[in-house]
Every structure is written in C-alpha cells, then in structure tokens.
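Source file: upload.txt. Holds: compact mmCIF, C-alpha atoms and all ligand atoms.
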# COMPACT_ATOMS: atom_id res chain seq x y z
CA MET A 1 0.00 0.00 0.00
CA ASP A 2 1.19 3.57 -0.65
CA GLN A 3 -0.22 7.05 -0.03
CA THR A 4 -3.22 6.23 -2.25
CA GLY A 5 -4.33 3.75 0.41
CA LYS A 6 -5.00 1.11 -2.24
CA GLU A 7 -3.82 -2.33 -1.25
CA LEU A 8 -2.16 -3.21 -4.59
CA ALA A 9 -0.76 0.25 -5.34
CA GLY A 10 2.63 -0.09 -7.04
CA LYS A 11 2.05 -3.80 -7.76
CA VAL A 12 1.88 -5.46 -11.16
CA ALA A 13 -0.28 -8.54 -11.78
CA LEU A 14 -0.37 -10.83 -14.81
CA ILE A 15 -3.71 -12.64 -15.03
CA THR A 16 -4.23 -15.56 -17.43
CA GLY A 17 -7.70 -16.31 -18.76
CA ALA A 18 -8.59 -12.63 -18.41
CA SER A 19 -10.94 -12.52 -21.41
CA ARG A 20 -14.03 -13.44 -19.36
CA GLY A 21 -15.32 -15.13 -16.21
CA ILE A 22 -13.12 -15.30 -13.09
CA GLY A 23 -10.07 -13.83 -14.85
CA ALA A 24 -11.87 -10.74 -16.15
CA ASP A 25 -13.39 -9.98 -12.75
CA THR A 26 -10.01 -10.52 -11.10
CA ALA A 27 -8.45 -7.99 -13.49
CA ARG A 28 -11.17 -5.47 -12.60
CA ALA A 29 -10.76 -6.08 -8.85
CA PHE A 30 -6.96 -5.89 -8.91
CA ALA A 31 -7.00 -2.72 -11.01
CA ALA A 32 -9.54 -1.16 -8.63
CA ALA A 33 -7.13 -2.03 -5.80
CA GLY A 34 -4.43 -0.03 -7.56
CA ALA A 35 -2.51 -2.72 -9.46
CA ARG A 36 -1.29 -2.39 -13.00
CA VAL A 37 -2.44 -5.48 -14.85
CA ALA A 38 -1.45 -7.60 -17.87
CA LEU A 39 -4.44 -9.40 -19.37
CA VAL A 40 -3.61 -12.74 -21.00
CA ALA A 41 -5.97 -14.91 -23.11
CA ARG A 42 -6.20 -16.22 -26.67
CA SER A 43 -9.12 -13.91 -27.58
CA ALA A 44 -7.24 -10.77 -28.57
CA GLU A 45 -10.34 -8.66 -29.02
CA ALA A 46 -11.81 -9.55 -25.64
CA VAL A 47 -8.65 -8.70 -23.69
CA ALA A 48 -8.24 -5.49 -25.70
CA ASP A 49 -11.83 -4.53 -24.84
CA LEU A 50 -11.24 -5.19 -21.15
CA ALA A 51 -7.96 -3.25 -21.18
CA GLY A 52 -9.88 -0.36 -22.73
CA GLU A 53 -12.53 -0.59 -20.01
CA ILE A 54 -9.92 -0.63 -17.20
CA GLY A 55 -7.78 2.15 -18.68
CA PRO A 56 -4.05 2.93 -18.97
CA GLN A 57 -3.10 0.72 -16.04
CA ALA A 58 -4.04 -2.37 -18.13
CA VAL A 59 -2.25 -3.94 -21.08
CA ALA A 60 -3.74 -6.67 -23.27
CA VAL A 61 -1.39 -9.55 -24.05
CA PRO A 62 -2.91 -12.11 -26.44
CA CYS A 63 -1.26 -15.45 -25.67
CA ASP A 64 -1.92 -19.19 -25.70
CA ILE A 65 -0.52 -20.41 -22.38
CA SER A 66 -0.16 -23.96 -23.69
CA ARG A 67 2.89 -22.77 -25.67
CA TYR A 68 5.84 -21.89 -23.43
CA TRP A 69 7.35 -19.40 -25.85
CA GLU A 70 4.09 -17.44 -25.91
CA MET A 71 3.93 -17.37 -22.11
CA GLU A 72 7.55 -16.27 -21.89
CA GLN A 73 6.79 -13.47 -24.36
CA ALA A 74 3.69 -12.49 -22.36
CA VAL A 75 5.83 -12.01 -19.24
CA ALA A 76 8.34 -10.01 -21.32
CA ASN A 77 5.49 -7.82 -22.64
CA CYS A 78 4.26 -7.27 -19.07
CA LEU A 79 7.75 -6.15 -18.03
CA THR A 80 7.99 -3.82 -21.03
CA ALA A 81 4.61 -2.25 -20.23
CA HIS A 82 4.76 -2.14 -16.44
CA GLY A 83 8.42 -2.68 -15.48
CA ARG A 84 7.91 -5.48 -12.94
CA LEU A 85 5.80 -8.52 -12.01
CA ASP A 86 4.57 -9.04 -8.45
CA ILE A 87 1.54 -11.32 -8.84
CA LEU A 88 0.86 -14.14 -11.29
CA VAL A 89 -2.72 -15.45 -11.37
CA ASN A 90 -2.77 -18.83 -13.12
CA ASN A 91 -6.46 -18.81 -13.92
CA ALA A 92 -6.85 -19.88 -17.57
CA GLY A 93 -8.40 -23.31 -17.94
CA VAL A 94 -10.73 -25.43 -20.03
CA ILE A 95 -12.98 -28.44 -19.45
CA GLU A 96 -14.04 -29.33 -23.01
CA PRO A 97 -14.18 -31.91 -24.46
CA ILE A 98 -16.06 -33.70 -21.67
CA ALA A 99 -15.87 -37.45 -22.43
CA HIS A 100 -15.61 -40.88 -20.83
CA MET A 101 -12.11 -42.34 -20.97
CA ALA A 102 -12.90 -45.08 -23.50
CA ASP A 103 -14.29 -42.50 -25.94
CA ALA A 104 -11.94 -39.57 -25.33
CA ASP A 105 -9.96 -38.23 -28.26
CA PRO A 106 -6.32 -38.58 -27.11
CA ASP A 107 -5.13 -35.39 -28.80
CA ALA A 108 -7.98 -33.33 -27.35
CA TRP A 109 -7.36 -34.91 -23.92
CA GLY A 110 -3.71 -33.92 -24.19
CA GLN A 111 -4.60 -30.36 -25.19
CA VAL A 112 -6.47 -29.93 -21.88
CA ILE A 113 -3.34 -31.08 -20.05
CA ASP A 114 -1.31 -28.65 -22.16
CA ILE A 115 -3.51 -25.76 -20.98
CA ASN A 116 -4.57 -26.65 -17.41
CA LEU A 117 -1.34 -28.28 -16.24
CA LYS A 118 1.50 -27.30 -18.55
CA GLY A 119 0.03 -23.78 -18.83
CA VAL A 120 0.38 -23.39 -15.05
CA PHE A 121 3.98 -24.63 -15.22
CA HIS A 122 4.66 -22.27 -18.13
CA GLY A 123 3.38 -19.33 -16.08
CA MET A 124 5.50 -20.30 -13.09
CA ARG A 125 8.58 -21.00 -15.22
CA ALA A 126 8.36 -17.64 -16.95
CA ALA A 127 7.51 -15.61 -13.82
CA LEU A 128 9.78 -17.20 -11.21
CA PRO A 129 13.13 -15.78 -12.44
CA VAL A 130 11.59 -12.29 -12.50
CA MET A 131 10.08 -12.65 -9.03
CA LEU A 132 13.26 -14.13 -7.57
CA ALA A 133 15.27 -11.22 -8.95
CA GLN A 134 12.75 -8.83 -7.34
CA GLY A 135 12.92 -10.63 -3.98
CA GLY A 136 9.58 -12.42 -4.17
CA GLY A 137 6.02 -12.35 -5.44
CA SER A 138 2.69 -14.15 -5.29
CA ILE A 139 1.70 -17.05 -7.56
CA LEU A 140 -2.01 -17.77 -7.18
CA THR A 141 -3.42 -20.72 -9.10
CA ILE A 142 -7.09 -21.59 -9.56
CA GLY A 143 -7.55 -25.16 -8.44
CA SER A 144 -10.64 -27.29 -8.14
CA GLY A 145 -12.33 -29.91 -6.01
CA ALA A 146 -11.69 -32.07 -9.09
CA ALA A 147 -8.05 -32.28 -7.96
CA HIS A 148 -9.12 -34.40 -5.01
CA GLY A 149 -11.82 -36.73 -6.31
CA PRO A 150 -12.87 -38.30 -9.62
CA VAL A 151 -15.78 -36.73 -11.50
CA GLU A 152 -17.39 -38.74 -14.30
CA ALA A 153 -16.16 -37.82 -17.80
CA TRP A 154 -13.64 -35.31 -16.43
CA SER A 155 -10.47 -37.48 -16.42
CA HIS A 156 -8.50 -34.78 -18.26
CA TYR A 157 -9.72 -32.03 -15.92
CA CYS A 158 -9.27 -33.99 -12.67
CA ALA A 159 -5.77 -35.14 -13.66
CA SER A 160 -4.74 -31.64 -14.74
CA LYS A 161 -6.01 -29.95 -11.57
CA ALA A 162 -4.35 -32.58 -9.35
CA GLY A 163 -1.08 -31.89 -11.16
CA ALA A 164 -1.51 -28.13 -10.92
CA LEU A 165 -1.98 -28.38 -7.15
CA MET A 166 1.33 -30.23 -6.94
CA LEU A 167 2.98 -27.41 -8.90
CA THR A 168 1.83 -24.96 -6.20
CA LYS A 169 3.36 -27.24 -3.54
CA MET A 170 6.55 -27.51 -5.62
CA ALA A 171 6.86 -23.74 -6.08
CA HIS A 172 6.51 -23.31 -2.32
CA LYS A 173 9.01 -26.09 -1.59
CA GLU A 174 11.64 -24.68 -3.93
CA TYR A 175 11.10 -20.91 -3.59
CA GLY A 176 8.94 -20.21 -0.52
CA ALA A 177 12.02 -19.33 1.51
CA GLN A 178 12.97 -16.76 -1.16
CA GLY A 179 9.72 -14.85 -0.84
CA VAL A 180 7.59 -16.60 -3.44
CA ARG A 181 4.05 -17.01 -2.07
CA ALA A 182 2.44 -19.93 -3.94
CA ILE A 183 -1.19 -20.69 -3.05
CA SER A 184 -4.00 -22.56 -4.81
CA LEU A 185 -7.67 -21.54 -4.63
CA SER A 186 -10.47 -24.08 -5.06
CA PRO A 187 -13.48 -21.84 -5.69
CA GLY A 188 -16.40 -24.28 -5.70
CA THR A 189 -18.76 -23.86 -8.64
CA VAL A 190 -18.78 -20.40 -10.23
CA ALA A 191 -21.30 -18.83 -12.60
CA THR A 192 -19.18 -18.60 -15.78
CA GLN A 193 -19.06 -19.98 -19.33
CA MET A 194 -17.36 -23.10 -17.97
CA GLN A 195 -20.51 -24.00 -16.00
CA ARG A 196 -22.59 -23.42 -19.15
CA ASP A 197 -20.35 -25.94 -20.95
CA ILE A 198 -20.73 -28.39 -18.05
CA LYS A 199 -24.53 -28.04 -18.00
CA ALA A 200 -24.69 -28.61 -21.77
CA SER A 201 -22.86 -31.94 -21.35
CA GLY A 202 -25.63 -33.29 -19.09
CA ILE A 203 -23.27 -36.03 -17.90
CA ASN A 204 -22.51 -35.87 -14.18
CA PRO A 205 -24.04 -34.37 -10.99
CA VAL A 206 -22.27 -31.04 -11.53
CA SER A 207 -24.19 -30.63 -14.80
CA GLN A 208 -27.45 -31.01 -12.86
CA LEU A 209 -26.79 -28.02 -10.58
CA SER A 210 -28.96 -24.97 -11.06
CA TRP A 211 -27.43 -21.57 -11.88
CA ASP A 212 -28.32 -20.33 -8.38
CA ASP A 213 -26.03 -22.96 -6.87
CA HIS A 214 -22.97 -21.19 -8.31
CA ILE A 215 -21.13 -18.32 -6.65
CA PRO A 216 -20.49 -15.15 -8.68
CA PRO A 217 -17.00 -14.73 -10.18
CA GLU A 218 -16.58 -11.48 -8.19
CA TRP A 219 -16.33 -13.56 -5.01
CA VAL A 220 -13.39 -15.45 -6.47
CA ALA A 221 -11.79 -12.17 -7.54
CA ARG A 222 -12.16 -10.74 -4.02
CA THR A 223 -10.68 -13.90 -2.54
CA LEU A 224 -7.68 -13.70 -4.88
CA LEU A 225 -7.17 -10.09 -3.79
CA TRP A 226 -7.24 -11.20 -0.15
CA MET A 227 -4.73 -13.94 -1.02
CA CYS A 228 -2.23 -11.27 -2.13
CA SER A 229 -1.97 -10.15 1.49
CA ASP A 230 -0.32 -11.84 4.44
CA HIS A 231 -3.82 -12.70 5.75
CA ALA A 232 -3.52 -15.82 3.58
CA ASP A 233 -0.02 -16.79 4.69
CA ASP A 234 -1.37 -19.76 6.68
CA PHE A 235 -2.01 -21.37 3.29
CA LEU A 236 1.37 -20.95 1.59
CA GLY A 237 2.14 -24.05 -0.47
CA ASP A 238 -1.39 -25.28 0.03
CA GLU A 239 -4.97 -24.82 -1.13
CA ILE A 240 -7.76 -22.54 0.08
CA SER A 241 -11.34 -23.71 -0.39
CA LEU A 242 -13.95 -21.03 -0.98
CA ARG A 243 -16.60 -23.54 0.08
CA ASP A 244 -15.24 -23.13 3.62
CA PRO A 245 -17.58 -20.76 5.55
CA ASP A 246 -14.66 -19.56 7.67
CA ILE A 247 -12.76 -18.45 4.56
CA ARG A 248 -15.86 -16.69 3.22
CA THR A 249 -16.13 -14.80 6.49
CA ARG A 250 -12.45 -13.89 6.50
CA VAL A 251 -12.63 -12.65 2.89
CA GLY A 252 -15.93 -10.86 3.45
CA VAL A 253 -18.07 -12.64 0.86
CA ALA A 254 -21.29 -14.63 1.40
N1 LIG B 301 -16.51 -22.06 -13.19
C1 LIG B 301 -16.32 -22.97 -12.25
O1 LIG B 301 -17.29 -23.52 -11.66
C2 LIG B 301 -14.93 -23.35 -11.82
C3 LIG B 301 -14.78 -24.20 -10.72
C4 LIG B 301 -13.51 -24.57 -10.30
C5 LIG B 301 -12.41 -24.08 -10.98
N2 LIG B 301 -12.57 -23.26 -12.07
C6 LIG B 301 -11.39 -22.79 -12.78
O2 LIG B 301 -11.41 -21.39 -12.87
C7 LIG B 301 -10.61 -20.98 -13.97
C8 LIG B 301 -11.35 -19.93 -14.78
O3 LIG B 301 -12.50 -20.52 -15.35
P1 LIG B 301 -13.88 -19.75 -15.59
O4 LIG B 301 -14.88 -20.43 -14.78
O5 LIG B 301 -13.69 -18.27 -15.48
O6 LIG B 301 -14.14 -20.20 -17.12
P2 LIG B 301 -14.29 -19.41 -18.47
O7 LIG B 301 -15.27 -18.32 -18.38
O8 LIG B 301 -14.50 -20.50 -19.49
O9 LIG B 301 -12.86 -18.72 -18.70
C9 LIG B 301 -11.71 -19.45 -19.05
C10 LIG B 301 -10.62 -18.47 -19.44
O10 LIG B 301 -9.44 -19.22 -19.78
C11 LIG B 301 -8.93 -18.69 -21.02
N3 LIG B 301 -8.15 -19.72 -21.70
C12 LIG B 301 -8.52 -20.97 -22.04
N4 LIG B 301 -7.54 -21.60 -22.69
C13 LIG B 301 -6.51 -20.72 -22.78
C14 LIG B 301 -5.21 -20.78 -23.35
N5 LIG B 301 -4.76 -21.88 -23.99
N6 LIG B 301 -4.40 -19.70 -23.24
C15 LIG B 301 -4.83 -18.58 -22.62
N7 LIG B 301 -6.06 -18.47 -22.05
C16 LIG B 301 -6.89 -19.52 -22.14
C17 LIG B 301 -10.18 -18.26 -21.78
O11 LIG B 301 -9.88 -17.29 -22.76
P3 LIG B 301 -9.65 -17.59 -24.32
O12 LIG B 301 -10.65 -18.64 -24.71
O13 LIG B 301 -9.88 -16.26 -24.92
O14 LIG B 301 -8.26 -18.05 -24.44
C18 LIG B 301 -11.00 -17.63 -20.65
O15 LIG B 301 -10.56 -16.30 -20.44
C19 LIG B 301 -10.24 -22.26 -14.72
O16 LIG B 301 -8.94 -22.66 -14.37
C20 LIG B 301 -11.25 -23.26 -14.19
O17 LIG B 301 -10.79 -24.58 -14.29
C21 LIG B 301 -13.82 -22.88 -12.50
Can you turn what I pasted into structure tokens?
Ligand SMILES: NC(=O)c1ccc[n+]([C@@H]2O[C@H](COP(=O)([O-])OP(=O)(O)OC[C@H]3O[C@@H](n4cnc5c(N)ncnc54)[C@H](OP(=O)(O)O)[C@@H]3O)[C@@H](O)[C@H]2O)c1
Amino acid sequence: MDQTGKELAGKVALITGASRGIGADTARAFAAAGARVALVARSAEAVADLAGEIGPQAVAVPCDISRYWEMEQAVANCLTAHGRLDILVNNAGVIEPIAHMADADPDAWGQVIDINLKGVFHGMRAALPVMLAQGGGSILTIGSGAAHGPVEAWSHYCASKAGALMLTKMAHKEYGAQGVRAISLSPGTVATQMQRDIKASGINPVSQLSWDDHIPPEWVARTLLWMCSDHADDFLGDEISLRDPDIRTRVGVA
C-alpha cells in the first residue's frame, strides 16, 4: 500500500484467462485495488476490450498459455509495459471436451493437459526468475475440487487440476524461503461460461446443478485479492477452499 491507500498500489499482476469469467473480474478487482495489470488470453479482441474498459493501467497480451514461448513473451510484454511482475494469477483453464475415458480423443485430452497443467507450469517457469530477482512475489493458481476426487467424464480435468496443485506445492518447496508465495484456490462452482459448458454436457451431478447454486466470479476475484496479502499466509504451499464458511467470512463474501 502507498499514499493512495490502495492495497495493490505499485504492484503489477499478470492474469491468465482474463478474457471473461473469473479472470476478467479478477483484473477489474486488482485494477480497482491499484494494481497495474497484464491481461492474458487467446481472444485478442476480448482482452483489448477489457484493457480499454480498465484504462491505462491495463495492457492486453494475447497469448496461448499452452505454448511456453508465448507465455515467456507475455511475461516479457508485461515487463515492457509495467516494469515489474509481483503477482501471477494462473487462472486460464478449459474443461471441453467432456468425455468418458474409453471414448476420449487422445489429442484433445492432451490439449487440456497442455492448458490446465502445462500452462500453469509455463506461467510459473516464466515468472519465477523475474520474481526471484525482485525478492519475491505471489503465484495464485485456480484449483478445483476435481483435484481431489474423480468426476465422471472429467479425467482430463481432474488429472490436470491434481497436477496443478502439486505445482503450487513444488513452487513453495523450492522458492517459498525466497519470498515466493504460492497458493491454490479451489473456488467451488462459479457462474461462468465453464458452468454453461458443463450443463450442456448433461453427464454428471455437476451438470445437474442450477445456476443459483454457483457463486459469482466477483467472489473469487475478491478472494484472490485477499490472497495477495499476508492474511492468507497460513495457506502458503497449500490450497484454500472457498466452500469453507470460515474463509468466506475472512474474505468478506457470502
Ligand atoms: N466455473 C467454475 O465452476 C470453476 C470451478 C472450479 C475451478 N474453475 C477454474 O477457474 C478458472 C477460470 O475458469 P472460468 O470459470 O472463469 O471459465 P471461463 O469463463 O471459461 O474462462 C476461461 C478463461 O481461460 C482462457 N483460456 C482458455 N484456454 C486458454 C489458453 N490456452 N491460453 C490462454 N487463455 C486460455 C479463456 O480465454 P480464451 O478462450 O480467450 O483463451 C478464458 O478467459 C479455470 O482454471 C477453471 O478450471 C472454475
């Protein structure tokens, strides 16, 4: 915080999957808290629109996180625009194509791993040298209950989220002592395009939930903002569940 009183004043955040849903609301919340933001997604027009909405403190960085060289360039573009990188939000993720294992297309299954698991590694790999040189930073990764238990027709998603949680633990193990704050957030179900895709599949109990069962993406954004502060330090190298009523109270949502 500086003289503006804003909690992320002077900080720079790179947010993946910022074209809509949780990522877009996180960009809005972080910018409102004073951060300069880099908005990463494949949809160039959508991130450009959001950067325009937020104003000069935002830069749009079209990028496919499944390709390391694109992620590395995205971090370089963030540094060019904003001069530093304090917070990485590994939020981008996909769930399609939803399929049982015996029917799944192997290439499409692998593409989900490339985005949800390798994309998280790519973000960490590109951001860590910058953060270490700066003396630390926060790496917040959107996890899922699917990391902990099997969900029918989601083998790609469950496997990728389980792996991504381990990457948070690894980042903490290797760099926690050097000031890197790695934390995962399992949000519960959130009212975004991803839940529309899940509902359209009609396959498992999650697809049967009603829209009112989902929390708004702004709650996730507010939780991520809270996770940037030392209030969340009990969870370094671990996962926070937004289903937990105590966490909701601490964050101030619900
Ligand atoms: N919604 C839920 O109930 C729920 C529950 C638990 C966890 N999550 C997790 O929350 C995160 C955000 O999901 P959401 O609910 O906000 O879904 P969403 O509305 O579908 O947004 C997904 C975002 O990821 C981006 N993305 C996908 N593939 C990408 C790639 N290869 N490179 C760069 N960006 C990519 C998309 O943008 P482009 O298509 O423009 O690239 C979009 O901005 C995901 O990690 C998801 O697994 C969601």
Could you give me, as a Markdown table, a per-residue list for chain A showing, wherever an atom lies at most 8 Å from an atom of ligand LIG 301 (chain B), the closest pair of atoms and their distance in Å to one decimal, using all atoms listed in the file and sorting by chain then residue number from low to high?
| residue | atom | partner | partner_atom | distance |
| --- | --- | --- | --- | --- |
| A:Thr16 | CA | B:LIG301 | N7 | 5.8 |
| A:Gly17 | CA | B:LIG301 | O15 | 3.3 |
| A:Ala18 | CA | B:LIG301 | O15 | 4.6 |
| A:Ser19 | CA | B:LIG301 | O15 | 3.9 |
| A:Arg20 | CA | B:LIG301 | O15 | 4.6 |
| A:Gly21 | CA | B:LIG301 | O5 | 3.6 |
| A:Ile22 | CA | B:LIG301 | O5 | 3.9 |
| A:Gly23 | CA | B:LIG301 | O5 | 5.8 |
| A:Ala24 | CA | B:LIG301 | O15 | 7.1 |
| A:Val40 | CA | B:LIG301 | C15 | 6.2 |
| A:Ala41 | CA | B:LIG301 | N7 | 3.7 |
| A:Arg42 | CA | B:LIG301 | O14 | 3.5 |
| A:Ser43 | CA | B:LIG301 | O13 | 3.6 |
| A:Ala44 | CA | B:LIG301 | O13 | 7.1 |
| A:Ala46 | CA | B:LIG301 | O13 | 7.0 |
| A:Val47 | CA | B:LIG301 | O13 | 7.8 |
| A:Pro62 | CA | B:LIG301 | C15 | 7.8 |
| A:Cys63 | CA | B:LIG301 | C15 | 5.6 |
| A:Asp64 | CA | B:LIG301 | N6 | 3.5 |
| A:Ile65 | CA | B:LIG301 | N6 | 4.0 |
| A:Ser66 | CA | B:LIG301 | N5 | 5.1 |
| A:Arg67 | CA | B:LIG301 | N5 | 7.9 |
| A:Asn90 | CA | B:LIG301 | O16 | 7.4 |
| A:Asn91 | CA | B:LIG301 | O16 | 4.6 |
| A:Ala92 | CA | B:LIG301 | O10 | 3.5 |
| A:Gly93 | CA | B:LIG301 | O16 | 3.7 |
| A:Val94 | CA | B:LIG301 | C12 | 5.4 |
| A:Ile95 | CA | B:LIG301 | O17 | 6.8 |
| A:Asp114 | CA | B:LIG301 | N5 | 7.8 |
| A:Ile115 | CA | B:LIG301 | N5 | 5.1 |
| A:Asn116 | CA | B:LIG301 | O16 | 6.7 |
| A:Gly119 | CA | B:LIG301 | N5 | 7.3 |
| A:Thr141 | CA | B:LIG301 | O16 | 7.9 |
| A:Ile142 | CA | B:LIG301 | O16 | 5.3 |
| A:Gly143 | CA | B:LIG301 | C5 | 5.6 |
| A:Ser144 | CA | B:LIG301 | C4 | 4.5 |
| A:Gly145 | CA | B:LIG301 | C4 | 7.0 |
| A:Ala146 | CA | B:LIG301 | C4 | 7.8 |
| A:Tyr157 | CA | B:LIG301 | O17 | 7.7 |
| A:Lys161 | CA | B:LIG301 | O17 | 7.7 |
| A:Ser186 | CA | B:LIG301 | C4 | 6.1 |
| A:Pro187 | CA | B:LIG301 | C4 | 5.4 |
| A:Gly188 | CA | B:LIG301 | C3 | 5.3 |
| A:Thr189 | CA | B:LIG301 | O1 | 3.4 |
| A:Val190 | CA | B:LIG301 | O1 | 3.7 |
| A:Ala191 | CA | B:LIG301 | N1 | 5.8 |
| A:Thr192 | CA | B:LIG301 | O7 | 4.7 |
| A:Gln193 | CA | B:LIG301 | O7 | 4.2 |
| A:Met194 | CA | B:LIG301 | O8 | 4.2 |
| A:Gln195 | CA | B:LIG301 | N1 | 5.3 |
| A:His214 | CA | B:LIG301 | O1 | 7.0 |
| A:Pro217 | CA | B:LIG301 | O5 | 7.2 |
Using only C-alpha atoms, pick whichever of A:Gly237, A:Gly55, A:Gly202, A:Gly179 has the shortest atom-to-atom distance to Ala133 in chain A. A:Gly179
Any idea what's packed within 12 Å of Ala171 in chain A, counting all atoms listed in the file, ignoring anything in its chain fewer than 2 positions away? Could you give it as number ranges by chain? A: 120-121, 123-125, 127-129, 131-132, 136-141, 164-169, 173-184, 236-238
Quick one: write out the picked residues with C-alpha atoms as a CSV table (one decimal), in the frame of the given file?
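Heads up, here's the output in part26.csv:
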chain,number,residue,atom,x,y,z
A,120,VAL,CA,0.4,-23.4,-15.0
A,121,PHE,CA,4.0,-24.6,-15.2
A,123,GLY,CA,3.4,-19.3,-16.1
A,124,MET,CA,5.5,-20.3,-13.1
A,125,ARG,CA,8.6,-21.0,-15.2
A,127,ALA,CA,7.5,-15.6,-13.8
A,128,LEU,CA,9.8,-17.2,-11.2
A,129,PRO,CA,13.1,-15.8,-12.4
A,131,MET,CA,10.1,-12.6,-9.0
A,132,LEU,CA,13.3,-14.1,-7.6
A,136,GLY,CA,9.6,-12.4,-4.2
A,137,GLY,CA,6.0,-12.4,-5.4
A,138,SER,CA,2.7,-14.2,-5.3
A,139,ILE,CA,1.7,-17.0,-7.6
A,140,LEU,CA,-2.0,-17.8,-7.2
A,141,THR,CA,-3.4,-20.7,-9.1
A,164,ALA,CA,-1.5,-28.1,-10.9
A,165,LEU,CA,-2.0,-28.4,-7.2
A,166,MET,CA,1.3,-30.2,-6.9
A,167,LEU,CA,3.0,-27.4,-8.9
A,168,THR,CA,1.8,-25.0,-6.2
A,169,LYS,CA,3.4,-27.2,-3.5
A,173,LYS,CA,9.0,-26.1,-1.6
A,174,GLU,CA,11.6,-24.7,-3.9
A,175,TYR,CA,11.1,-20.9,-3.6
A,176,GLY,CA,8.9,-20.2,-0.5
A,177,ALA,CA,12.0,-19.3,1.5
A,178,GLN,CA,13.0,-16.8,-1.2
A,179,GLY,CA,9.7,-14.8,-0.8
A,180,VAL,CA,7.6,-16.6,-3.4
A,181,ARG,CA,4.0,-17.0,-2.1
A,182,ALA,CA,2.4,-19.9,-3.9
A,183,ILE,CA,-1.2,-20.7,-3.0
A,184,SER,CA,-4.0,-22.6,-4.8
A,236,LEU,CA,1.4,-21.0,1.6
A,237,GLY,CA,2.1,-24.0,-0.5
A,238,ASP,CA,-1.4,-25.3,0.0
Closest of A:Gly83, A:Gly163, A:Gly252, A:Gly52 to Ile113 in chain A - atom-to-atom distances counting only C-alpha atoms: A:Gly163
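Closest to Ala38 in chain A among A:Glu70, A:Leu8, A:Leu242, A:Asn77 is A:Asn77, based on all atoms listed in the file.
Taking all atoms listed in the file into account, the polymer residues that have an atom no farther than 12 Å from (-18.7, -35.5, -19.8) are Ile95, Glu96, Pro97, Ile98, Ala99, His100, Met101, Ala102, Asp103, Ala104, Val151, Glu152, Ala153, Trp154, Ser155, His156, Tyr157, Cys158, Asp197, Ile198, Lys199, Ala200, Ser201, Gly202, Ile203, Asn204, Pro205, Val206 and Ser207 of chain A.
For the atom pair formed by CA of Glu218 in chain A and CA of Ala254 in chain A, the distance is 11.1 Å, given to one decimal.
Atom to atom, CA of Trp69 in chain A and CA of Leu88 in chain A stand 16.8 Å apart.
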Residues within 6 Å of (-6.5, 2.1, -5.7), file coords, all atoms listed in the file, listed as a PyMOL selection string: chain A and resi 6+32-34
I want to know what sits within 10 Å of Ala58 in chain A, based on all atoms listed in the file, with residues of the same chain fewer than 5 positions away left out; could you give that as a VMD selection string? chain A and resid 12 to 14 27 to 28 31 35 to 39 47 to 48 50 to 53 78 81 to 82
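A straight line drawn from CA of Leu224 in chain A to CA of Asp86 in chain A is 13.6 Å long.
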In terms of the shortest atom-to-atom distance over all atoms listed in the file, which of A:Cys228, A:Val253, A:Val61, A:Leu185 is closest to Pro216 in chain A? A:Val253
Would you place a box with edges along x, y and z of the file around all atoms of range 90-93 of chain A listed there, add 5 Å to each of its six sides, and report the centre and edge lengths in Å to one decimal, as AutoDock Vina command-line options?
--center_x -5.6 --center_y -21.1 --center_z -15.5 --size_x 15.6 --size_y 14.5 --size_z 14.8
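Ranking A:Val130, A:Thr249, A:Glu45, A:Ala9 by their shortest atom-to-atom distance to Arg222 in chain A, with all atoms listed in the file included, puts A:Thr249 first.
With only C-alpha atoms as the atoms that count, the residue of A:Ile215, A:Ala108, A:Ala232, A:Ile15 with the shortest distance to Val59 in chain A is A:Ile15.
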